[in-house]
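Structure file target_26.txt with compact mmCIF, C-alpha atoms and all ligand atoms:
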# COMPACT_ATOMS: atom_id res chain seq x y z
CA MET A 1 22.99 -18.95 145.05
CA ILE A 2 23.77 -21.88 142.75
CA LEU A 3 20.17 -23.04 143.05
CA ARG A 4 18.89 -19.58 142.06
CA PHE A 5 21.20 -19.60 139.07
CA LEU A 6 19.93 -23.02 138.05
CA ILE A 7 16.31 -21.93 138.41
CA THR A 8 17.03 -18.90 136.19
CA LEU A 9 18.66 -21.17 133.64
CA LEU A 10 15.68 -23.50 133.65
CA PHE A 11 13.34 -20.56 133.29
CA CYS A 12 15.25 -19.28 130.27
CA PHE A 13 15.24 -22.72 128.79
CA SER A 14 11.47 -23.02 129.11
CA ILE A 15 10.91 -19.58 127.55
CA THR A 16 12.95 -20.59 124.55
CA PHE A 17 11.20 -23.89 124.12
CA ALA A 18 7.75 -23.58 125.63
CA LYS A 19 5.41 -20.68 124.61
CA ASP A 20 2.42 -23.03 124.35
CA VAL A 21 4.57 -25.52 122.45
CA GLN A 22 6.01 -28.42 124.37
CA LEU A 23 8.48 -30.71 122.70
CA THR A 24 9.30 -34.13 124.14
CA LEU A 25 12.09 -36.45 123.10
CA ALA A 26 11.57 -40.03 124.31
CA SER A 27 15.30 -40.37 125.03
CA LYS A 28 18.35 -38.15 124.59
CA ASN A 29 20.58 -41.19 124.06
CA ILE A 30 19.83 -43.65 121.32
CA ALA A 31 21.64 -46.65 119.83
CA ASN A 32 22.38 -46.85 116.12
CA ALA A 33 19.45 -48.49 114.24
CA GLN A 34 16.91 -47.30 116.79
CA THR A 35 14.05 -44.87 116.14
CA VAL A 36 13.70 -41.49 117.84
CA LEU A 37 10.19 -40.56 118.93
CA LEU A 38 9.44 -36.83 119.07
CA SER A 39 6.18 -35.48 120.47
CA LEU A 40 4.96 -31.94 120.04
CA LYS A 41 2.12 -30.65 122.20
CA ALA A 42 0.51 -27.47 120.89
CA SER A 43 -3.00 -26.28 120.13
CA ASN A 44 -2.29 -23.34 117.86
CA ILE A 45 0.41 -24.32 115.40
CA LYS A 46 0.41 -25.29 111.74
CA LYS A 47 2.68 -27.34 109.49
CA PRO A 48 5.06 -28.77 112.12
CA LYS A 49 8.07 -30.25 110.33
CA LEU A 50 11.57 -31.41 111.10
CA THR A 51 14.92 -31.96 109.46
CA LEU A 52 17.43 -34.50 110.72
CA MET A 53 20.76 -32.82 110.04
CA GLY A 54 23.96 -34.61 109.06
CA GLU A 55 25.24 -36.95 106.38
CA ARG A 56 21.83 -38.56 105.89
CA LYS A 57 19.64 -35.47 105.92
CA MET A 58 15.97 -36.31 106.28
CA ASN A 59 12.91 -34.06 106.06
CA LEU A 60 9.72 -35.22 107.77
CA ASN A 61 6.34 -33.78 108.65
CA PHE A 62 4.98 -34.23 112.16
CA GLU A 63 1.87 -36.44 112.24
CA VAL A 64 -1.28 -35.82 114.23
CA ASN A 65 -1.29 -38.20 117.19
CA PRO A 66 -4.80 -39.75 117.00
CA PHE A 67 -4.57 -40.97 120.61
CA LYS A 68 -4.10 -37.51 122.19
CA VAL A 69 -5.56 -34.00 121.97
CA ASP A 70 -3.37 -31.28 120.40
CA GLU A 71 -0.41 -33.55 119.97
CA TYR A 72 1.82 -34.41 117.03
CA TYR A 73 4.50 -37.05 116.67
CA ALA A 74 7.43 -37.87 114.42
CA LEU A 75 9.44 -41.07 114.02
CA VAL A 76 13.05 -40.40 113.11
CA PRO A 77 14.89 -43.59 112.10
CA ILE A 78 18.62 -43.72 112.81
CA SER A 79 20.66 -45.85 110.43
CA TYR A 80 22.77 -48.78 111.70
CA TYR A 81 25.67 -47.00 110.02
CA ALA A 82 24.96 -43.56 111.55
CA GLN A 83 27.94 -41.70 112.98
CA LEU A 84 28.32 -42.22 116.72
CA LYS A 85 28.14 -38.62 117.89
CA GLN A 86 25.72 -35.86 118.77
CA HIS A 87 23.05 -35.33 116.11
CA GLN A 88 20.70 -32.41 115.61
CA ILE A 89 17.08 -32.11 114.59
CA ILE A 90 15.67 -28.75 113.51
CA ILE A 91 11.94 -28.37 114.12
CA SER A 92 9.80 -25.70 112.48
CA TYR A 93 6.15 -24.69 112.70
CA LEU A 94 3.85 -21.78 111.97
CA GLN A 95 2.21 -19.89 114.83
CA GLU A 96 0.06 -16.83 114.13
CA ASN A 97 1.61 -16.66 110.65
CA LYS A 98 5.13 -16.53 112.02
CA LYS A 99 7.59 -19.33 111.38
CA TYR A 100 9.47 -20.70 114.38
CA PHE A 101 12.57 -22.88 114.43
CA LYS A 102 13.77 -25.01 117.30
CA SER A 103 16.77 -27.25 117.64
CA VAL A 104 17.02 -30.53 119.56
CA LYS A 105 20.20 -32.49 120.08
CA PHE A 106 20.57 -36.16 120.92
CA ASN A 107 23.41 -38.67 121.07
CA VAL A 108 23.78 -41.74 118.89
CA LYS A 109 25.75 -44.37 120.80
CA GLU A 110 26.93 -47.76 119.61
CA GLY A 111 24.26 -50.39 120.26
CA ASN A 112 25.23 -53.31 122.43
CA TYR A 113 25.30 -55.62 119.40
CA LYS A 114 27.09 -58.95 119.48
CA SER A 115 29.10 -60.65 116.73
CA GLU A 116 28.66 -64.15 115.29
CA THR A 117 29.96 -66.43 112.53
CA ILE A 118 27.54 -68.42 110.38
CA GLN A 119 28.08 -71.32 107.98
CA VAL A 120 25.52 -71.58 105.17
CA ALA A 121 25.37 -73.12 101.68
CA GLN A 122 28.05 -71.48 99.49
CA SER A 123 25.51 -70.78 96.71
CA LYS A 124 23.55 -68.50 99.04
CA VAL A 125 26.64 -66.51 100.06
CA LYS A 126 27.97 -65.93 96.56
CA PRO A 127 24.97 -66.16 94.24
CA ASN A 128 25.64 -67.03 90.59
CA ASN A 129 24.93 -64.44 87.89
CA LYS A 130 21.33 -65.45 87.38
CA ASN A 131 20.64 -65.25 91.12
CA LYS A 132 22.59 -61.99 91.36
CA GLN A 133 20.15 -60.45 88.86
CA ARG A 134 17.28 -61.89 90.87
CA THR A 135 18.49 -60.48 94.22
CA LYS A 136 19.12 -57.08 92.61
CA LYS A 137 15.56 -57.01 91.27
CA GLU A 138 14.11 -58.17 94.59
CA TYR A 139 16.10 -55.59 96.53
CA LYS A 140 14.86 -52.77 94.29
CA GLU A 141 11.27 -54.01 94.52
CA ALA A 142 11.44 -54.03 98.33
CA MET A 143 13.17 -50.63 98.58
CA ASP A 144 10.52 -49.10 96.30
CA ILE A 145 7.90 -50.35 98.77
CA TYR A 146 9.72 -49.14 101.90
CA LYS A 147 10.25 -45.67 100.46
CA ARG A 148 6.56 -45.24 99.66
CA TYR A 149 4.78 -43.10 102.23
CA THR A 150 1.15 -43.94 103.01
CA PRO A 151 -0.57 -40.95 104.69
CA LYS A 152 -3.24 -43.10 106.39
CA GLN A 153 -2.44 -44.52 109.83
CA TYR A 154 -3.90 -48.02 109.77
CA TRP A 155 -3.27 -48.87 113.42
CA ASN A 156 -5.38 -47.57 116.30
CA SER A 157 -4.20 -49.73 119.18
CA ASP A 158 -0.98 -51.15 120.66
CA PHE A 159 1.35 -53.26 118.55
CA VAL A 160 1.84 -56.92 119.51
CA TYR A 161 4.61 -59.43 118.68
CA PRO A 162 4.19 -61.58 115.55
CA MET A 163 4.36 -64.67 117.79
CA THR A 164 5.09 -65.54 121.38
CA SER A 165 8.23 -67.63 121.49
CA LYS A 166 11.88 -67.38 122.41
CA ILE A 167 14.05 -64.89 120.53
CA THR A 168 16.91 -66.94 119.10
CA SER A 169 18.88 -64.13 117.47
CA ALA A 170 18.63 -60.46 118.34
CA PHE A 171 18.59 -57.59 115.89
CA GLY A 172 21.92 -55.95 115.03
CA THR A 173 24.29 -58.89 115.58
CA LYS A 174 27.35 -58.42 113.36
CA ARG A 175 27.46 -61.42 111.02
CA VAL A 176 30.27 -63.13 109.18
CA TYR A 177 29.06 -65.69 106.62
CA ASN A 178 31.61 -68.44 105.85
CA ASN A 179 34.30 -65.85 106.62
CA LEU A 180 33.24 -64.05 103.43
CA LEU A 181 30.27 -61.80 103.68
CA LYS A 182 30.01 -59.24 106.43
CA SER A 183 26.68 -57.71 107.39
CA TYR A 184 24.49 -57.32 110.42
CA HIS A 185 21.37 -59.20 111.46
CA SER A 186 18.60 -57.02 110.05
CA GLY A 187 15.76 -58.40 112.16
CA THR A 188 14.76 -60.30 115.27
CA ASP A 189 14.56 -64.10 114.98
CA PHE A 190 11.82 -65.95 116.81
CA LYS A 191 11.98 -69.68 117.48
CA ALA A 192 9.35 -71.23 115.19
CA PRO A 193 9.15 -74.87 114.06
CA THR A 194 7.85 -75.14 110.48
CA GLY A 195 4.08 -74.57 110.36
CA THR A 196 3.78 -72.17 113.33
CA LYS A 197 1.17 -69.46 112.81
CA ILE A 198 2.58 -65.96 112.20
CA HIS A 199 0.38 -62.95 112.94
CA ALA A 200 0.28 -59.29 111.91
CA VAL A 201 1.73 -57.05 114.66
CA ASN A 202 -0.96 -54.50 113.86
CA ALA A 203 -3.41 -53.42 111.15
CA GLY A 204 -2.02 -52.66 107.71
CA VAL A 205 -2.01 -53.43 104.01
CA VAL A 206 -0.01 -56.28 102.41
CA ARG A 207 2.48 -54.74 99.96
CA LEU A 208 4.53 -57.86 99.17
CA ALA A 209 3.68 -61.57 99.39
CA SER A 210 6.17 -63.63 97.38
CA ASP A 211 9.17 -65.98 97.38
CA ARG A 212 12.51 -64.18 97.45
CA TYR A 213 16.10 -65.46 97.16
CA TYR A 214 17.43 -64.45 100.59
CA ALA A 215 14.22 -63.94 102.58
CA GLY A 216 12.27 -66.91 101.17
CA ASN A 217 8.51 -66.61 101.33
CA SER A 218 8.02 -63.04 102.52
CA VAL A 219 5.22 -60.78 103.66
CA ILE A 220 5.66 -57.01 103.96
CA LEU A 221 2.97 -55.02 105.77
CA ASP A 222 2.44 -51.27 105.37
CA HIS A 223 0.99 -49.79 108.60
CA GLY A 224 0.93 -46.27 107.15
CA LYS A 225 2.94 -43.15 108.13
CA GLY A 226 6.14 -44.73 106.75
CA VAL A 227 6.06 -47.77 109.08
CA TYR A 228 6.57 -51.27 107.58
CA THR A 229 6.98 -54.70 109.20
CA CYS A 230 8.35 -57.82 107.47
CA TYR A 231 7.91 -61.57 108.05
CA PHE A 232 10.46 -63.81 106.30
CA HIS A 233 11.30 -67.51 105.65
CA LEU A 234 7.64 -68.61 105.74
CA SER A 235 6.64 -72.09 104.56
CA LYS A 236 3.21 -70.78 103.51
CA ILE A 237 1.85 -67.32 102.74
CA LYS A 238 -1.82 -66.82 103.66
CA VAL A 239 -2.34 -63.24 102.38
CA LYS A 240 -2.33 -61.43 99.03
CA VAL A 241 -0.85 -58.11 97.89
CA GLY A 242 -3.32 -55.25 98.47
CA GLN A 243 -5.19 -57.13 101.19
CA GLN A 244 -6.03 -55.12 104.30
CA VAL A 245 -5.28 -57.07 107.47
CA LYS A 246 -6.30 -56.58 111.09
CA LYS A 247 -4.02 -56.79 114.11
CA ASN A 248 -3.28 -60.45 114.93
CA GLU A 249 -4.55 -61.66 111.55
CA LEU A 250 -2.84 -64.78 110.20
CA LEU A 251 -0.19 -63.88 107.60
CA GLY A 252 1.36 -67.27 107.04
CA LEU A 253 3.14 -70.26 108.54
CA SER A 254 6.77 -70.23 109.61
CA GLY A 255 9.37 -72.19 107.68
CA ALA A 256 12.95 -72.36 106.45
CA THR A 257 12.76 -70.84 102.96
CA GLY A 258 15.54 -68.54 101.68
CA ARG A 259 18.98 -68.10 103.29
CA VAL A 260 18.56 -69.90 106.61
CA THR A 261 20.17 -72.56 108.76
CA GLY A 262 16.81 -73.85 110.06
CA PRO A 263 13.16 -72.91 110.50
CA HIS A 264 12.43 -69.66 112.35
CA LEU A 265 10.66 -66.34 111.85
CA HIS A 266 12.80 -63.38 110.83
CA PHE A 267 10.86 -60.28 111.83
CA SER A 268 12.10 -56.87 110.69
CA ALA A 269 10.91 -53.28 110.29
CA ARG A 270 11.53 -50.14 108.27
CA VAL A 271 10.67 -46.54 109.09
CA HIS A 272 10.81 -44.01 106.25
CA GLY A 273 12.90 -46.50 104.27
CA VAL A 274 15.49 -47.08 107.01
CA GLN A 275 16.02 -50.50 108.60
CA VAL A 276 15.58 -50.23 112.36
CA ASP A 277 15.47 -52.45 115.45
CA PRO A 278 11.90 -53.85 115.21
CA MET A 279 11.47 -54.51 118.93
CA GLN A 280 12.50 -50.96 119.93
CA LEU A 281 10.18 -49.63 117.21
CA LEU A 282 7.17 -51.52 118.62
CA GLU A 283 8.07 -50.21 122.07
CA ILE A 284 8.09 -46.55 121.01
CA LEU A 285 4.99 -46.91 118.80
CA ASN A 286 3.18 -48.14 121.90
CA GLN A 287 4.25 -44.97 123.73
CA LEU A 288 2.08 -42.87 121.42
CA ASN A 289 -1.02 -43.51 123.50
CA LYS A 290 0.73 -43.33 126.87
CA SER A 291 1.57 -40.25 128.92
CA ASN A 292 4.91 -38.63 128.11
CA LYS A 293 7.86 -39.31 130.36
CA LYS A 294 8.59 -36.22 132.41
CA GLU A 295 12.39 -36.52 132.35
CA GLY A 296 12.45 -36.22 128.57
CA THR A 297 10.57 -32.92 128.41
CA LEU A 298 12.55 -30.04 126.98
ZN ZN B 1 16.93 -63.35 111.02
Can you present the structure in this file as structure tokens?
Amino acid sequence: MILRFLITLLFCFSITFAKDVQLTLASKNIANAQTVLLSLKASNIKKPKLTLMGERKMNLNFEVNPFKVDEYYALVPISYYAQLKQHQIIISYLQENKKYFKSVKFNVKEGNYKSETIQVAQSKVKPNNKNKQRTKKEYKEAMDIYKRYTPKQYWNSDFVYPMTSKITSAFGTKRVYNNLLKSYHSGTDFKAPTGTKIHAVNAGVVRLASDRYYAGNSVILDHGKGVYTCYFHLSKIKVKVGQQVKKNELLGLSGATGRVTGPHLHFSARVHGVQVDPMQLLEILNQLNKSNKKEGTL
């Protein structure tokens, strides 16, 4: 009896959601600062879009998945500071000139992020007025880049790591600088003695290649579709702004420029302007050309 009831429920659920349109959520539970991957399989729909509801409302178009037939995808970045609760995404599309709306819910849970205290040169914690102006300008310049949406998808194969070495500091660690400045670690640190070769995680266009106050010598790559990766504290930059790079191409040499305690690579990523866990991002980007997990199908 219970089983029959469950089967009926499942049947109803699939009528509501299926009708030639299959939506897949990579995971129903996500940590703050991770990216949600949504896949939409349908052959006869137009203009699939979504809205992330809540305090940081975000409107996105679904993208055509070039690795699969009749499939679209969307990358929904969740802020580090997102509320830890159930969130909702409203999906819409046109089918035979009728507009359909569907709702998906998922939970944002607190990431398993650690906490650490760091001692660095006082001048880098509390910059003087001149440096304050500089950091303000550099922040705006970077944000203007991250917010720019490039329609072309430059990558056509799996993402790789920028280097193969030990991770010395994970993304998301809550940081206290000289007991003064509180923030979180905005990237993943790789062990890298000065002069180690740093490579592009995938194809893209160089949007920034310059020395910055906090990040030191920096390279920002635009992979298209709102996806950016960043490589900081380099001793040498080997690329120029506007240059198109291939996967694994040399971007520069690691170093200890900017606000650092020693040489390493700080690798970070942005999706639609939002800072996200770069390692989780690479993981879900590499799911685009793999078969969907069954348990996540709605
Ligand atoms: Zn770092």
Point-to-point distance in Å for CA of Val260 (chain A) and CA of Tyr214 (chain A): 8.2 Å
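Every protein or nucleic acid residue with an atom no more than 12 Å from Glu141 (chain A), counting only C-alpha atoms and leaving out same-chain residues fewer than 3 positions away, appears here: Arg134, Thr135, Lys136, Lys137, Glu138, Asp144, Ile145, Tyr146, Lys147, Arg148, Arg207, Leu208, Ala209, Ser210, Arg212 and Ile220 of chain A.
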Residues within 8 Å of Phe159 (chain A), only C-alpha atoms, excluding chain neighbours under 6 positions, as a PyMOL selection string: chain A and resi 201-202+247+282+285-286
Counting all atoms listed in the file, the option among A:Val271, A:Leu23, A:Met53, A:Ala203 closest to Ile89 (chain A):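 Comparing A:Val271, A:Leu23, A:Met53, A:Ala203 against Ile89 (chain A), the winner is A:Met53.
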Closest of A:Gln119, A:Gln153, A:Asn131, A:Thr229 to Thr188 (chain A) - atom-to-atom distances counting only C-alpha atoms: A:Thr229
Shell around Leu221 (chain A) at 12 Å using only C-alpha atoms, local window under 6 positions removed, as a ChimeraX atom specification: /A:142,145-146,150,154-155,162,199-209,227-232,239-247,249,251,267-271
At most 8 Å from ligand ZN 1 (chain B) (all atoms listed in the file): residue list as an MDAnalysis selection string: chainID A and resid 169 171 185:189 264:267
Test item: which residues lie within 9 Å of (12.3, -46.4, 116.3) counting all atoms listed in the file, as a PyMOL selection string: chain A and resi 33-37+75-78+270-271+276-285
From A:Gly224, A:Gln133, A:Asn112, A:Ser157, residue lying nearest Ala170 (chain A) [only C-alpha atoms]: A:Asn112
Separation of CA of Ser218 (chain A) from CA of Gly273 (chain A), in Å and rounded to one decimal: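 These atoms are spaced 17.3 Å apart.
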Please write region 120-160 of chain A of the preceding block to a file containing N, CA and C atoms, as a short mmCIF file (atom, residue, chain, number, x, y, z; two decimals), in the first residue's frame?
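Output file result-v4.cif follows:
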data_model
loop_
_atom_site.label_atom_id
_atom_site.label_comp_id
_atom_site.auth_asym_id
_atom_site.auth_seq_id
_atom_site.Cartn_x
_atom_site.Cartn_y
_atom_site.Cartn_z
N VAL A 120 51.46 39.27 9.11
CA VAL A 120 52.13 39.82 7.93
C VAL A 120 52.56 41.26 8.21
N ALA A 121 53.35 41.83 7.30
CA ALA A 121 53.84 43.21 7.47
C ALA A 121 52.65 44.14 7.70
N GLN A 122 52.76 44.99 8.73
CA GLN A 122 51.67 45.90 9.12
C GLN A 122 51.18 46.76 7.94
N SER A 123 52.15 47.20 7.09
CA SER A 123 51.79 48.08 5.97
C SER A 123 50.83 47.41 5.00
N LYS A 124 50.85 46.07 4.95
CA LYS A 124 49.97 45.38 4.01
C LYS A 124 48.60 45.12 4.63
N VAL A 125 48.51 45.20 5.96
CA VAL A 125 47.21 45.02 6.61
C VAL A 125 46.44 46.32 6.59
N LYS A 126 47.12 47.40 6.99
CA LYS A 126 46.48 48.72 6.99
C LYS A 126 47.22 49.59 6.00
N PRO A 127 46.86 49.56 4.74
CA PRO A 127 47.58 50.35 3.75
C PRO A 127 47.45 51.85 4.02
N ASN A 128 48.52 52.61 3.71
CA ASN A 128 48.44 54.07 3.86
C ASN A 128 47.50 54.64 2.79
N ASN A 129 47.25 55.94 2.85
CA ASN A 129 46.25 56.55 1.96
C ASN A 129 46.53 56.32 0.48
N LYS A 130 47.80 56.45 0.12
CA LYS A 130 48.18 56.28 -1.28
C LYS A 130 47.86 54.85 -1.74
N ASN A 131 48.23 53.88 -0.88
CA ASN A 131 47.98 52.48 -1.21
C ASN A 131 46.49 52.15 -1.16
N LYS A 132 45.76 52.85 -0.27
CA LYS A 132 44.31 52.64 -0.18
C LYS A 132 43.66 52.99 -1.52
N GLN A 133 44.10 54.13 -2.09
CA GLN A 133 43.58 54.56 -3.39
C GLN A 133 43.91 53.50 -4.45
N ARG A 134 45.15 53.00 -4.34
CA ARG A 134 45.60 51.99 -5.31
C ARG A 134 44.74 50.72 -5.22
N THR A 135 44.53 50.22 -4.00
CA THR A 135 43.77 48.97 -3.85
C THR A 135 42.33 49.15 -4.31
N LYS A 136 41.78 50.35 -4.06
CA LYS A 136 40.41 50.66 -4.48
C LYS A 136 40.29 50.57 -6.00
N LYS A 137 41.28 51.19 -6.67
CA LYS A 137 41.32 51.22 -8.13
C LYS A 137 41.47 49.79 -8.68
N GLU A 138 42.38 49.04 -8.05
CA GLU A 138 42.64 47.67 -8.51
C GLU A 138 41.44 46.75 -8.29
N TYR A 139 40.74 46.98 -7.19
CA TYR A 139 39.55 46.18 -6.90
C TYR A 139 38.47 46.44 -7.96
N LYS A 140 38.27 47.71 -8.28
CA LYS A 140 37.25 48.09 -9.27
C LYS A 140 37.60 47.51 -10.64
N GLU A 141 38.88 47.63 -10.99
CA GLU A 141 39.36 47.11 -12.28
C GLU A 141 39.07 45.61 -12.39
N ALA A 142 39.36 44.87 -11.32
CA ALA A 142 39.14 43.42 -11.33
C ALA A 142 37.65 43.10 -11.38
N MET A 143 36.85 43.79 -10.57
CA MET A 143 35.40 43.52 -10.54
C MET A 143 34.77 43.81 -11.90
N ASP A 144 35.25 44.87 -12.57
CA ASP A 144 34.72 45.19 -13.91
C ASP A 144 35.00 44.03 -14.88
N ILE A 145 36.14 43.38 -14.70
CA ILE A 145 36.48 42.23 -15.55
C ILE A 145 35.56 41.06 -15.21
N TYR A 146 35.47 40.72 -13.92
CA TYR A 146 34.69 39.54 -13.50
C TYR A 146 33.22 39.64 -13.89
N LYS A 147 32.70 40.87 -13.91
CA LYS A 147 31.27 41.04 -14.21
C LYS A 147 30.98 40.98 -15.70
N ARG A 148 32.03 41.08 -16.51
CA ARG A 148 31.84 41.04 -17.96
C ARG A 148 31.54 39.61 -18.40
N TYR A 149 30.52 39.47 -19.20
CA TYR A 149 30.11 38.15 -19.67
C TYR A 149 30.56 37.95 -21.12
N THR A 150 31.37 36.94 -21.36
CA THR A 150 31.81 36.62 -22.72
C THR A 150 30.98 35.45 -23.24
N PRO A 151 30.19 35.66 -24.30
CA PRO A 151 29.28 34.59 -24.77
C PRO A 151 30.01 33.35 -25.29
N LYS A 152 31.22 33.53 -25.82
CA LYS A 152 31.96 32.39 -26.38
C LYS A 152 32.48 31.47 -25.27
N GLN A 153 32.34 30.16 -25.47
CA GLN A 153 32.95 29.20 -24.54
C GLN A 153 34.30 28.79 -25.12
N TYR A 154 35.37 29.23 -24.48
CA TYR A 154 36.71 28.97 -25.02
C TYR A 154 37.19 27.54 -24.81
N TRP A 155 36.67 26.88 -23.76
CA TRP A 155 37.19 25.54 -23.46
C TRP A 155 36.37 24.46 -24.17
N ASN A 156 37.04 23.39 -24.57
CA ASN A 156 36.32 22.27 -25.20
C ASN A 156 36.85 20.92 -24.71
N SER A 157 37.49 20.96 -23.54
CA SER A 157 37.96 19.71 -22.92
C SER A 157 38.05 19.92 -21.42
N ASP A 158 38.39 18.88 -20.68
CA ASP A 158 38.44 18.95 -19.22
C ASP A 158 39.43 20.02 -18.71
N PHE A 159 39.08 20.59 -17.58
CA PHE A 159 39.98 21.52 -16.90
C PHE A 159 41.06 20.73 -16.16
N VAL A 160 42.25 21.33 -16.05
CA VAL A 160 43.34 20.71 -15.29
C VAL A 160 43.73 21.65 -14.15
#
